[in-house]
>>> print(open('start34.cif').read())   # mmCIF, C-alpha atoms and all ligand atoms
data_upload
#
loop_
_atom_site.label_atom_id
_atom_site.label_comp_id
_atom_site.auth_asym_id
_atom_site.auth_seq_id
_atom_site.Cartn_x
_atom_site.Cartn_y
_atom_site.Cartn_z
CA MET A 1 11.04 14.92 4.91
CA ALA A 2 14.10 13.17 3.56
CA LYS A 3 16.51 13.09 0.68
CA TYR A 4 17.51 9.79 -0.90
CA GLU A 5 20.29 8.99 -3.35
CA PHE A 6 19.76 6.22 -5.88
CA GLY A 7 22.96 6.09 -7.92
CA LYS A 8 22.96 9.25 -10.01
CA TYR A 9 19.36 10.11 -9.14
CA ARG A 10 18.09 11.97 -6.08
CA LEU A 11 14.68 11.91 -4.49
CA ASP A 12 13.88 14.92 -2.36
CA THR A 13 10.60 14.04 -0.65
CA GLU A 14 9.97 17.67 0.23
CA LYS A 15 9.97 18.73 -3.41
CA PRO A 16 9.55 15.54 -5.40
CA ASP A 17 10.21 15.89 -9.07
CA ALA A 18 8.36 13.73 -11.61
CA THR A 19 11.40 13.47 -13.91
CA ALA A 20 13.60 12.14 -11.09
CA ILE A 21 10.92 9.63 -10.02
CA ALA A 22 10.55 8.41 -13.61
CA ALA A 23 14.34 8.06 -13.93
CA ILE A 24 14.50 5.96 -10.73
CA LEU A 25 11.73 3.76 -12.10
CA ALA A 26 13.57 3.28 -15.40
CA ASP A 27 16.94 2.48 -13.80
CA GLY A 28 17.32 -1.06 -12.47
CA SER A 29 20.71 -0.64 -10.82
CA THR A 30 19.58 0.66 -7.42
CA ASP A 31 16.45 -1.36 -6.78
CA ASP A 32 17.87 -3.06 -3.68
CA ILE A 33 18.66 0.34 -2.12
CA LEU A 34 15.14 1.53 -2.95
CA PHE A 35 13.48 -1.54 -1.41
CA ALA A 36 15.63 -1.36 1.73
CA ALA A 37 14.88 2.36 2.18
CA ALA A 38 11.12 1.72 1.84
CA ASN A 39 11.25 -1.17 4.28
CA ALA A 40 13.08 1.01 6.81
CA VAL A 41 10.42 3.75 6.54
CA LYS A 42 7.63 1.19 6.89
CA ALA A 43 9.36 -0.26 10.01
CA ARG A 44 9.85 3.22 11.46
CA GLU A 45 6.18 4.15 10.95
CA TYR A 46 4.43 0.85 11.70
CA GLY A 47 7.03 -1.48 13.27
CA ASN A 48 6.34 -5.11 12.36
CA LEU A 49 2.56 -4.65 12.16
CA VAL A 50 0.47 -5.59 9.15
CA PHE A 51 -3.14 -4.38 9.20
CA VAL A 52 -5.49 -7.02 7.86
CA ARG A 53 -8.88 -6.01 6.46
CA GLY A 54 -11.80 -8.16 5.35
CA ILE A 55 -13.37 -7.32 1.99
CA ILE A 56 -16.91 -8.27 1.00
CA GLU A 57 -17.67 -7.98 -2.72
CA PHE A 58 -21.42 -7.55 -2.51
CA SER A 59 -22.48 -6.95 -6.13
CA ASN A 60 -20.86 -7.48 -9.51
CA TYR A 61 -23.39 -5.33 -11.40
CA CYS A 62 -21.71 -2.28 -12.89
CA ARG A 63 -22.89 0.67 -14.98
CA CYS A 64 -19.33 1.60 -16.07
CA SER A 65 -17.40 0.62 -19.17
CA CYS A 66 -13.82 0.50 -17.83
CA ALA A 67 -11.91 -1.20 -20.65
CA TYR A 68 -9.72 -3.28 -18.29
CA CYS A 69 -12.37 -4.57 -15.91
CA GLY A 70 -14.07 -7.96 -16.06
CA LEU A 71 -17.19 -6.53 -14.43
CA ASN A 72 -17.77 -3.79 -17.01
CA ALA A 73 -21.34 -3.21 -18.14
CA GLY A 74 -20.79 -4.83 -21.54
CA MET A 75 -19.59 -8.20 -20.20
CA LYS A 76 -21.90 -11.17 -20.62
CA MET A 77 -21.67 -12.86 -17.24
CA THR A 78 -23.71 -14.12 -14.32
CA ARG A 79 -24.47 -11.12 -12.13
CA TYR A 80 -25.31 -11.22 -8.42
CA ARG A 81 -26.38 -8.86 -5.67
CA MET A 82 -26.37 -9.56 -1.95
CA THR A 83 -29.49 -8.42 -0.15
CA PRO A 84 -28.99 -5.74 2.51
CA ASP A 85 -29.74 -8.31 5.25
CA GLU A 86 -27.26 -10.76 3.78
CA LEU A 87 -24.61 -8.04 3.56
CA VAL A 88 -25.14 -6.82 7.12
CA GLU A 89 -24.87 -10.40 8.44
CA ALA A 90 -21.71 -11.05 6.40
CA ALA A 91 -20.15 -7.78 7.62
CA VAL A 92 -20.94 -8.48 11.29
CA GLU A 93 -19.42 -11.96 10.87
CA THR A 94 -16.34 -10.47 9.18
CA ALA A 95 -15.91 -7.92 11.99
CA ARG A 96 -15.51 -10.82 14.45
CA VAL A 97 -12.18 -11.55 12.73
CA TYR A 98 -11.09 -8.25 11.12
CA ARG A 99 -11.19 -4.71 12.53
CA THR A 100 -12.01 -3.12 9.21
CA VAL A 101 -14.69 -4.32 6.84
CA ILE A 102 -14.53 -3.14 3.24
CA LEU A 103 -17.78 -3.19 1.26
CA GLN A 104 -16.96 -3.28 -2.45
CA SER A 105 -19.09 -3.55 -5.58
CA GLY A 106 -19.32 -2.47 -9.18
CA GLU A 107 -21.06 0.88 -9.65
CA ASP A 108 -24.48 -0.55 -8.91
CA LEU A 109 -27.23 2.06 -8.56
CA TYR A 110 -29.69 -0.61 -7.36
CA TYR A 111 -28.29 0.25 -3.92
CA THR A 112 -29.59 3.75 -3.27
CA ALA A 113 -27.77 6.05 -0.87
CA ASP A 114 -30.56 5.45 1.66
CA MET A 115 -30.06 1.69 1.38
CA LEU A 116 -26.29 2.00 1.74
CA ALA A 117 -26.64 4.39 4.68
CA ASP A 118 -28.99 1.94 6.38
CA ILE A 119 -26.59 -0.97 5.75
CA VAL A 120 -23.67 1.00 7.22
CA ALA A 121 -25.68 2.14 10.26
CA ARG A 122 -26.84 -1.42 10.97
CA ILE A 123 -23.28 -2.76 10.75
CA LYS A 124 -21.94 -0.03 13.02
CA ALA A 125 -24.71 -0.66 15.56
CA ARG A 126 -23.78 -4.32 15.84
CA ALA A 127 -20.02 -4.48 15.27
CA ASN A 128 -17.03 -2.60 16.58
CA CYS A 129 -15.26 -2.07 13.28
CA ALA A 130 -14.35 0.59 10.76
CA VAL A 131 -16.46 0.47 7.59
CA THR A 132 -14.84 1.26 4.26
CA LEU A 133 -16.89 1.71 1.09
CA SER A 134 -15.57 1.00 -2.40
CA ILE A 135 -18.56 1.55 -4.66
CA GLY A 136 -17.40 4.11 -7.20
CA GLU A 137 -18.69 7.56 -8.07
CA ARG A 138 -21.84 9.05 -6.55
CA SER A 139 -23.15 12.57 -5.93
CA LEU A 140 -22.14 14.69 -2.95
CA GLU A 141 -25.60 14.17 -1.40
CA GLU A 142 -25.28 10.41 -1.69
CA TYR A 143 -21.79 10.35 -0.18
CA LYS A 144 -23.02 12.63 2.61
CA LYS A 145 -25.79 10.21 3.62
CA ILE A 146 -23.34 7.34 3.80
CA ARG A 147 -20.86 9.39 5.80
CA GLU A 148 -23.54 10.54 8.23
CA ALA A 149 -24.63 6.94 8.73
CA GLY A 150 -21.13 6.12 9.98
CA GLY A 151 -19.04 5.26 6.91
CA ASP A 152 -15.41 5.81 7.95
CA ARG A 153 -13.32 5.37 4.85
CA PHE A 154 -13.75 5.32 1.10
CA LEU A 155 -11.59 3.74 -1.57
CA LEU A 156 -11.75 5.37 -4.98
CA LYS A 157 -8.65 5.00 -7.12
CA HIS A 158 -7.77 7.59 -9.75
CA GLU A 159 -6.57 4.56 -11.83
CA THR A 160 -4.19 6.63 -14.02
CA ALA A 161 -3.07 10.26 -13.82
CA ASP A 162 -2.79 10.52 -17.61
CA ALA A 163 -6.02 12.34 -18.51
CA ALA A 164 -6.01 11.15 -22.15
CA LEU A 165 -5.33 7.53 -21.16
CA TYR A 166 -8.00 7.74 -18.44
CA GLN A 167 -10.55 8.96 -20.96
CA SER A 168 -9.65 6.32 -23.53
CA LEU A 169 -10.04 3.54 -20.94
CA HIS A 170 -13.18 4.84 -19.22
CA GLY A 171 -14.95 6.98 -21.80
CA VAL A 172 -15.35 9.66 -19.13
CA LEU A 173 -13.12 12.36 -17.67
CA LEU A 174 -10.40 11.89 -15.06
CA ASP A 175 -11.56 15.17 -13.59
CA SER A 176 -14.86 13.65 -12.53
CA ARG A 177 -12.96 10.96 -10.58
CA LEU A 178 -10.74 13.57 -8.92
CA GLN A 179 -13.77 15.70 -8.03
CA ALA A 180 -15.38 12.67 -6.39
CA GLN A 181 -12.23 12.07 -4.34
CA ARG A 182 -12.25 15.70 -3.21
CA MET A 183 -15.92 15.49 -2.17
CA LEU A 184 -15.20 12.39 -0.11
CA LYS A 185 -12.30 14.06 1.63
CA ALA A 186 -14.30 17.23 2.33
CA LEU A 187 -17.00 15.07 3.95
CA GLY A 188 -14.43 13.65 6.36
CA PHE A 189 -13.98 10.18 4.88
CA GLU A 190 -10.46 8.81 5.18
CA LEU A 191 -9.66 8.76 1.50
CA GLY A 192 -8.05 5.80 -0.21
CA GLY A 193 -6.76 6.27 -3.73
CA GLY A 194 -4.53 4.31 -6.03
CA PHE A 195 -3.78 3.29 -9.59
CA MET A 196 -2.70 0.44 -11.82
CA VAL A 197 0.83 -0.25 -13.03
CA GLY A 198 1.35 -1.48 -16.60
CA LEU A 199 -1.78 -0.18 -18.30
CA PRO A 200 -1.26 -0.21 -22.07
CA GLY A 201 0.08 3.19 -23.11
CA GLN A 202 1.38 4.11 -19.66
CA THR A 203 4.97 5.38 -19.24
CA ASP A 204 7.29 5.85 -16.26
CA MET A 205 6.41 9.53 -16.37
CA THR A 206 2.73 8.60 -15.99
CA LEU A 207 3.61 6.51 -12.93
CA ALA A 208 5.62 9.40 -11.48
CA ASN A 209 2.56 11.61 -11.93
CA ASP A 210 0.39 8.90 -10.37
CA LEU A 211 2.54 9.02 -7.24
CA LEU A 212 2.43 12.81 -7.15
CA THR A 213 -1.35 12.68 -7.57
CA LEU A 214 -1.65 10.56 -4.42
CA ARG A 215 0.27 13.24 -2.53
CA ARG A 216 -1.62 16.14 -4.03
CA GLU A 217 -5.01 14.61 -3.23
CA GLY A 218 -3.97 13.80 0.35
CA VAL A 219 -4.88 10.12 0.35
CA VAL A 220 -4.25 8.16 3.54
CA MET A 221 -4.44 4.78 1.78
CA ALA A 222 -3.38 3.79 -1.71
CA GLY A 223 -3.92 0.58 -3.63
CA ILE A 224 -1.16 0.17 -6.21
CA GLY A 225 -1.44 -3.01 -8.23
CA PRO A 226 -0.41 -4.40 -11.62
CA PHE A 227 -2.90 -4.33 -14.48
CA ILE A 228 -3.96 -7.92 -15.19
CA ALA A 229 -5.50 -8.50 -18.60
CA HIS A 230 -8.97 -10.03 -18.54
CA PRO A 231 -9.24 -12.02 -21.81
CA ASP A 232 -12.88 -11.07 -22.45
CA THR A 233 -12.30 -7.31 -22.31
CA SER A 234 -11.38 -5.07 -25.26
CA ILE A 235 -7.75 -4.85 -24.01
CA GLY A 236 -7.63 -8.51 -23.04
CA GLN A 237 -4.68 -9.25 -25.34
CA ALA A 238 -2.42 -6.60 -23.76
CA ALA A 239 0.52 -7.69 -21.59
CA ASP A 240 0.02 -7.79 -17.82
CA GLY A 241 1.68 -5.15 -15.66
CA ASP A 242 5.08 -6.13 -14.34
CA ALA A 243 5.22 -7.25 -10.68
CA HIS A 244 8.76 -5.96 -10.14
CA LYS A 245 7.89 -2.52 -11.50
CA THR A 246 4.82 -2.50 -9.23
CA LEU A 247 7.06 -3.19 -6.23
CA LYS A 248 9.28 -0.26 -7.21
CA VAL A 249 6.28 2.06 -7.45
CA LEU A 250 5.04 0.79 -4.09
CA ALA A 251 8.46 1.40 -2.51
CA LEU A 252 8.51 4.96 -3.90
CA ALA A 253 5.00 5.50 -2.53
CA ARG A 254 6.28 4.53 0.93
CA LEU A 255 9.11 7.09 0.67
CA LEU A 256 6.83 9.84 -0.66
CA LEU A 257 3.91 9.16 1.71
CA PRO A 258 5.54 7.65 4.81
CA ARG A 259 2.32 7.22 6.87
CA CYS A 260 0.08 6.10 4.04
CA HIS A 261 -1.62 2.71 4.37
CA LEU A 262 -0.33 0.70 1.44
CA PRO A 263 -1.82 -2.71 0.79
CA SER A 264 -0.14 -5.56 -0.91
CA THR A 265 -2.98 -5.44 -3.45
CA THR A 266 -4.92 -8.52 -4.51
CA ALA A 267 -3.61 -8.03 -8.07
CA LEU A 268 -0.01 -8.06 -6.81
CA ASN A 269 -0.76 -11.14 -4.68
CA VAL A 270 -2.09 -12.88 -7.81
CA LYS A 271 1.37 -12.27 -9.30
CA GLY A 272 3.02 -13.85 -6.24
CA GLY A 273 4.22 -10.51 -4.89
CA MET A 274 2.79 -10.46 -1.37
CA LYS A 275 5.96 -11.34 0.53
CA ASP A 276 8.09 -8.90 -1.46
CA ALA A 277 5.50 -6.16 -1.08
CA LEU A 278 5.49 -6.55 2.70
CA LEU A 279 9.27 -6.18 2.67
CA CYS A 280 9.32 -3.04 0.53
CA GLY A 281 6.73 -0.76 2.06
CA ALA A 282 3.31 -2.44 2.19
CA ASN A 283 1.62 -2.54 5.60
CA VAL A 284 -1.91 -3.76 4.77
CA ILE A 285 -3.47 -6.97 3.45
CA MET A 286 -7.04 -7.33 2.27
CA GLN A 287 -8.53 -10.78 2.79
CA LYS A 288 -11.63 -11.99 1.00
CA ALA A 289 -14.69 -12.24 3.18
CA THR A 290 -17.18 -12.51 0.32
CA PRO A 291 -19.61 -15.42 0.83
CA TYR A 292 -18.23 -18.41 -1.09
CA GLU A 293 -21.07 -18.70 -3.59
CA TYR A 294 -20.25 -15.24 -4.97
CA ARG A 295 -16.45 -15.29 -4.99
CA LYS A 296 -15.94 -16.78 -8.45
CA LEU A 297 -18.49 -14.37 -9.93
CA TYR A 298 -16.54 -11.28 -8.82
CA ASP A 299 -14.31 -11.81 -11.82
CA ILE A 300 -12.43 -8.49 -12.19
CA TYR A 301 -9.39 -10.28 -13.66
CA PRO A 302 -8.21 -13.90 -13.81
CA GLY A 303 -6.35 -15.68 -11.02
CA ARG A 304 -8.20 -14.27 -8.01
CA ASP A 305 -8.46 -16.50 -4.99
CA ALA A 306 -11.89 -18.15 -4.69
CA LYS A 307 -11.04 -20.76 -2.03
CA ASP A 308 -13.65 -21.49 0.57
CA VAL A 309 -11.66 -21.40 3.78
CA PRO A 310 -13.54 -20.18 6.90
CA LEU A 311 -12.61 -16.60 7.84
CA LYS A 312 -10.98 -17.50 11.14
CA GLU A 313 -8.88 -20.23 9.56
CA GLN A 314 -7.93 -17.91 6.72
CA PHE A 315 -6.78 -15.31 9.25
CA GLU A 316 -4.80 -17.85 11.27
CA GLU A 317 -3.06 -19.11 8.14
CA LEU A 318 -2.09 -15.55 7.30
CA GLU A 319 -0.89 -14.88 10.87
CA GLN A 320 1.47 -17.83 10.57
CA ARG A 321 2.72 -16.75 7.18
CA LEU A 322 3.40 -13.26 8.49
CA ALA A 323 5.13 -14.58 11.61
CA GLY A 324 7.53 -16.43 9.26
CA LEU A 325 8.51 -13.01 7.89
CA GLY A 326 8.90 -11.49 11.35
CA LEU A 327 5.61 -9.58 10.94
CA ARG A 328 2.50 -9.45 13.13
CA ALA A 329 -1.10 -9.37 11.90
CA GLU A 330 -3.19 -6.65 13.53
N1 LIG B 401 -16.53 0.08 -8.64
C1 LIG B 401 -15.61 0.48 -7.65
C2 LIG B 401 -14.63 1.49 -8.17
O1 LIG B 401 -14.55 1.68 -9.37
O2 LIG B 401 -13.93 2.11 -7.35
C3 LIG B 401 -14.89 -0.67 -6.99
C4 LIG B 401 -14.74 -1.94 -7.76
S1 LIG B 401 -13.46 -1.89 -8.96
C5 LIG B 401 -13.70 -3.47 -9.70
C6 LIG B 401 -12.03 -2.10 -7.92
C7 LIG B 401 -10.68 -1.91 -8.56
O3 LIG B 401 -10.37 -3.02 -9.38
C8 LIG B 401 -10.49 -0.73 -9.47
O4 LIG B 401 -10.19 0.41 -8.72
C9 LIG B 401 -9.34 -1.17 -10.39
O5 LIG B 401 -8.13 -0.54 -10.06
C10 LIG B 401 -9.24 -2.67 -10.13
N2 LIG B 401 -9.24 -3.43 -11.40
C11 LIG B 401 -10.27 -3.61 -12.23
N3 LIG B 401 -9.86 -4.34 -13.31
C12 LIG B 401 -8.55 -4.61 -13.13
C13 LIG B 401 -7.58 -5.31 -13.90
N4 LIG B 401 -7.88 -5.86 -15.07
N5 LIG B 401 -6.32 -5.40 -13.41
C14 LIG B 401 -6.01 -4.85 -12.21
N6 LIG B 401 -6.89 -4.17 -11.44
C15 LIG B 401 -8.15 -4.04 -11.90
#
>>> encode(input="start34.cif", output="structure tokens", more="lines below")
Ligand code: SAM
Amino acid sequence: MAKYEFGKYRLDTEKPDATAIAAILADGSTDDILFAAANAVKAREYGNLVFVRGIIEFSNYCRCSCAYCGLNAGMKMTRYRMTPDELVEAAVETARVYRTVILQSGEDLYYTADMLADIVARIKARANCAVTLSIGERSLEEYKKIREAGGDRFLLKHETADAALYQSLHGVLLDSRLQAQRMLKALGFELGGGFMVGLPGQTDMTLANDLLTLRREGVVMAGIGPFIAHPDTSIGQAADGDAHKTLKVLALARLLLPRCHLPSTTALNVKGGMKDALLCGANVIMQKATPYEYRKLYDIYPGRDAKDVPLKEQFEELEQRLAGLGLRAE
């Protein structure tokens, strides 16, 4: 545990204080010190390695009504689902290039726990990779089946630690999300959490509490990305989250959770922040491995990359880009 000084503010990582974190976020005069400190901790913990994961977005059906999300149940859009066979083949192919395969979808109950467990077991039988699920909230019994079939990790962000804001954006309780995270952890999944920066109504104090929530819930990964307004959603006219503020939150996350896997999130990459993120604490990149015909349809927010570059080529391009920054893809 360490103590950092940022001008007149102190961050004691043993006893972090939300007010001090919020003050550091509000003050722009020590950002360079913050970024350098985060980069040093990242280098100490992970050297020059960047872990690259392949993500397959296998269904854009969703039962939820998250106000910010382009996949929400009320959106009029072309929906798709990959068949289990198609998904297993895509995952095995992805595992030839990436060591971790992330299976992500809207909350789509078409895929029962038995189906998901079977998909995971078939992938694990054929590929030497870690399997991460990112499919939203399910019951303990459903999570258990997926875990027993070999699911290694689970990404479920708390999205915002402000309970009133959470409820206004989702129409359901933050507590249910936190309970789901706790179930996943108790089942032995490596838990990934995270939240958005710049949601309408959010303050620096909310962000400080977001960071403390990651610590309290014991996440080992955290996706921290800017909110990007999707024009067809009910909050589509709100301003996007600020990329610089997101980098500051990311850097603080690295100081507060030194070993945590922190991706340069897709949303931050859309805002041109990948290089900066990798130099202020991020140690993970998620690359699209969704079959080309579905990429454009997974329209969470505008600006997402839908290029059809073969996986191997995509990885090699990234390796070169990282080498230019003195980093090594793993
Ligand atoms: N359904 C799963 C879940 O809720 O965990 C996974 C899919 S969900 C689309 C993945 C993530 O997208 C969410 O955790 C949320 O943080 C992010 N997201 C959705 N809409 C966004 C937006 N407009 N701007 C930034 N991130 C967004």
>>> residues_around(input="start34.cif", residues="Leu71 (chain A)", least_positions_apart="2", cutoff="12 Å", atoms="only C-alpha atoms", output="compact mmCIF listing (two decimals) with C-alpha atoms, in the frame of the given file")
# COMPACT_ATOMS: atom_id res chain seq x y z
CA GLU A 57 -17.67 -7.98 -2.72
CA SER A 59 -22.48 -6.95 -6.13
CA ASN A 60 -20.86 -7.48 -9.51
CA TYR A 61 -23.39 -5.33 -11.40
CA CYS A 62 -21.71 -2.28 -12.89
CA ARG A 63 -22.89 0.67 -14.98
CA CYS A 64 -19.33 1.60 -16.07
CA SER A 65 -17.40 0.62 -19.17
CA CYS A 66 -13.82 0.50 -17.83
CA ALA A 67 -11.91 -1.20 -20.65
CA TYR A 68 -9.72 -3.28 -18.29
CA CYS A 69 -12.37 -4.57 -15.91
CA ALA A 73 -21.34 -3.21 -18.14
CA GLY A 74 -20.79 -4.83 -21.54
CA MET A 75 -19.59 -8.20 -20.20
CA LYS A 76 -21.90 -11.17 -20.62
CA MET A 77 -21.67 -12.86 -17.24
CA THR A 78 -23.71 -14.12 -14.32
CA ARG A 79 -24.47 -11.12 -12.13
CA TYR A 80 -25.31 -11.22 -8.42
CA SER A 105 -19.09 -3.55 -5.58
CA GLY A 106 -19.32 -2.47 -9.18
CA GLU A 107 -21.06 0.88 -9.65
CA ASP A 108 -24.48 -0.55 -8.91
CA HIS A 230 -8.97 -10.03 -18.54
CA ASP A 232 -12.88 -11.07 -22.45
CA THR A 233 -12.30 -7.31 -22.31
CA LYS A 296 -15.94 -16.78 -8.45
CA LEU A 297 -18.49 -14.37 -9.93
CA TYR A 298 -16.54 -11.28 -8.82
CA ASP A 299 -14.31 -11.81 -11.82
CA ILE A 300 -12.43 -8.49 -12.19
CA TYR A 301 -9.39 -10.28 -13.66
CA PRO A 302 -8.21 -13.90 -13.81
>>> atom_distance(input="start34.cif", atom1="CA of Gly201 (chain A)", atom2="CA of Arg215 (chain A)")
22.9 Å
>>> closest_residue(input="start34.cif", among="A:Val50, A:Ala2, A:Val120, A:Ala95", to="Ser264 (chain A)", atoms="all atoms listed in the file")
A:Val50
>>> closest_residue(input="start34.cif", among="A:Leu279, A:Ala239, A:Ile224, A:Leu311", to="Asp210 (chain A)", atoms="only C-alpha atoms")
A:Ile224
>>> residues_around(input="start34.cif", residues="region 162-167 of chain A", least_positions_apart="4", cutoff="8 Å", atoms="all atoms listed in the file", output="PyMOL selection string")
chain A and resi 171-175+201-202+206+209
>>> atom_distance(input="start34.cif", atom1="CA of Thr203 (chain A)", atom2="CA of Ser234 (chain A)")
20.3 Å
>>> residues_near_point(input="start34.cif", point="(-23.8, -7.5, 4.6)", cutoff="12 Å", atoms="all atoms listed in the file", output="PyMOL selection string")
chain A and resi 55-59+81-95+101-105+115-116+118-124+126-127+131+289-291
>>> residues_around(input="start34.cif", residues="Ala282 (chain A)", least_positions_apart="3", cutoff="12 Å", atoms="only C-alpha atoms", output="JSON, numbers by chain")
{"A": [35, 38, 39, 40, 41, 42, 43, 45, 46, 47, 48, 49, 50, 51, 52, 221, 222, 223, 224, 225, 246, 247, 248, 249, 250, 251, 252, 253, 254, 255, 257, 258, 259, 260, 261, 262, 263, 264, 265, 268, 269, 273, 274, 275, 276, 277, 278, 279, 285, 286, 327]}
>>> write_last_selection(input="start34.cif", atoms="C-alpha atoms", output="mmCIF file, in the frame of the given file")
data_model
loop_
_atom_site.group_PDB
_atom_site.id
_atom_site.type_symbol
_atom_site.label_atom_id
_atom_site.label_comp_id
_atom_site.auth_asym_id
_atom_site.auth_seq_id
_atom_site.Cartn_x
_atom_site.Cartn_y
_atom_site.Cartn_z
ATOM 1 C CA PHE A 35 13.480 -1.540 -1.410
ATOM 2 C CA ALA A 38 11.120 1.720 1.840
ATOM 3 C CA ASN A 39 11.250 -1.170 4.280
ATOM 4 C CA ALA A 40 13.080 1.010 6.810
ATOM 5 C CA VAL A 41 10.420 3.750 6.540
ATOM 6 C CA LYS A 42 7.630 1.190 6.890
ATOM 7 C CA ALA A 43 9.360 -0.260 10.010
ATOM 8 C CA GLU A 45 6.180 4.150 10.950
ATOM 9 C CA TYR A 46 4.430 0.850 11.700
ATOM 10 C CA GLY A 47 7.030 -1.480 13.270
ATOM 11 C CA ASN A 48 6.340 -5.110 12.360
ATOM 12 C CA LEU A 49 2.560 -4.650 12.160
ATOM 13 C CA VAL A 50 0.470 -5.590 9.150
ATOM 14 C CA PHE A 51 -3.140 -4.380 9.200
ATOM 15 C CA VAL A 52 -5.490 -7.020 7.860
ATOM 16 C CA MET A 221 -4.440 4.780 1.780
ATOM 17 C CA ALA A 222 -3.380 3.790 -1.710
ATOM 18 C CA GLY A 223 -3.920 0.580 -3.630
ATOM 19 C CA ILE A 224 -1.160 0.170 -6.210
ATOM 20 C CA GLY A 225 -1.440 -3.010 -8.230
ATOM 21 C CA THR A 246 4.820 -2.500 -9.230
ATOM 22 C CA LEU A 247 7.060 -3.190 -6.230
ATOM 23 C CA LYS A 248 9.280 -0.260 -7.210
ATOM 24 C CA VAL A 249 6.280 2.060 -7.450
ATOM 25 C CA LEU A 250 5.040 0.790 -4.090
ATOM 26 C CA ALA A 251 8.460 1.400 -2.510
ATOM 27 C CA LEU A 252 8.510 4.960 -3.900
ATOM 28 C CA ALA A 253 5.000 5.500 -2.530
ATOM 29 C CA ARG A 254 6.280 4.530 0.930
ATOM 30 C CA LEU A 255 9.110 7.090 0.670
ATOM 31 C CA LEU A 257 3.910 9.160 1.710
ATOM 32 C CA PRO A 258 5.540 7.650 4.810
ATOM 33 C CA ARG A 259 2.320 7.220 6.870
ATOM 34 C CA CYS A 260 0.080 6.100 4.040
ATOM 35 C CA HIS A 261 -1.620 2.710 4.370
ATOM 36 C CA LEU A 262 -0.330 0.700 1.440
ATOM 37 C CA PRO A 263 -1.820 -2.710 0.790
ATOM 38 C CA SER A 264 -0.140 -5.560 -0.910
ATOM 39 C CA THR A 265 -2.980 -5.440 -3.450
ATOM 40 C CA LEU A 268 -0.010 -8.060 -6.810
ATOM 41 C CA ASN A 269 -0.760 -11.140 -4.680
ATOM 42 C CA GLY A 273 4.220 -10.510 -4.890
ATOM 43 C CA MET A 274 2.790 -10.460 -1.370
ATOM 44 C CA LYS A 275 5.960 -11.340 0.530
ATOM 45 C CA ASP A 276 8.090 -8.900 -1.460
ATOM 46 C CA ALA A 277 5.500 -6.160 -1.080
ATOM 47 C CA LEU A 278 5.490 -6.550 2.700
ATOM 48 C CA LEU A 279 9.270 -6.180 2.670
ATOM 49 C CA ILE A 285 -3.470 -6.970 3.450
ATOM 50 C CA MET A 286 -7.040 -7.330 2.270
ATOM 51 C CA LEU A 327 5.610 -9.580 10.940
#
>>> atom_distance(input="start34.cif", atom1="CA of Gly194 (chain A)", atom2="CA of His158 (chain A)")
5.9 Å
>>> closest_residue(input="start34.cif", among="A:Gly272, A:Gly326, A:Gly303, A:Gly188", to="ligand LIG 401 (chain B)", atoms="only C-alpha atoms and all ligand atoms")
A:Gly303
>>> closest_residue(input="start34.cif", among="A:Ala117, A:Leu156, A:Val219, A:Leu11", to="ligand LIG 401 (chain B)", atoms="all atoms listed in the file")
A:Leu156
>>> closest_residue(input="start34.cif", among="A:Met205, A:Ala113, A:Leu155, A:Val309", to="ligand LIG 401 (chain B)", atoms="only C-alpha atoms and all ligand atoms")
A:Leu155
>>> closest_residue(input="start34.cif", among="A:Leu109, A:Leu187, A:Leu322, A:Ile146", to="ligand LIG 401 (chain B)", atoms="all atoms listed in the file")
A:Leu109
>>> residues_near_point(input="start34.cif", point="(-23.7, 10.5, -3.5)", cutoff="12 Å", atoms="all atoms listed in the file", output="list of chain:residue names")
A:Glu107, A:Leu109, A:Tyr111, A:Thr112, A:Ala113, A:Asp114, A:Met115, A:Leu116, A:Ala117, A:Ile135, A:Gly136, A:Glu137, A:Arg138, A:Ser139, A:Leu140, A:Glu141, A:Glu142, A:Tyr143, A:Lys144, A:Lys145, A:Ile146, A:Arg147, A:Glu148, A:Ala180, A:Gln181, A:Met183, A:Leu184, A:Leu187
>>> residues_around(input="start34.cif", residues="Gln314 (chain A)", least_positions_apart="5", cutoff="10 Å", atoms="all atoms listed in the file", output="ChimeraX atom specification")
/A:97,287-289,307-309,319
>>> axis_aligned_box(input="start34.cif", around="ligand LIG 401 (chain B)", padding_each_side="5 Å", output="AutoDock Vina command-line options")
--center_x -11.3 --center_y -1.9 --center_z -11.0 --size_x 20.5 --size_y 18.0 --size_z 18.1
>>> residues_around(input="start34.cif", residues="Pro226 (chain A)", least_positions_apart="3", cutoff="10 Å", atoms="only C-alpha atoms", output="PyMOL selection string")
chain A and resi 195-199+229+240-247+265-271
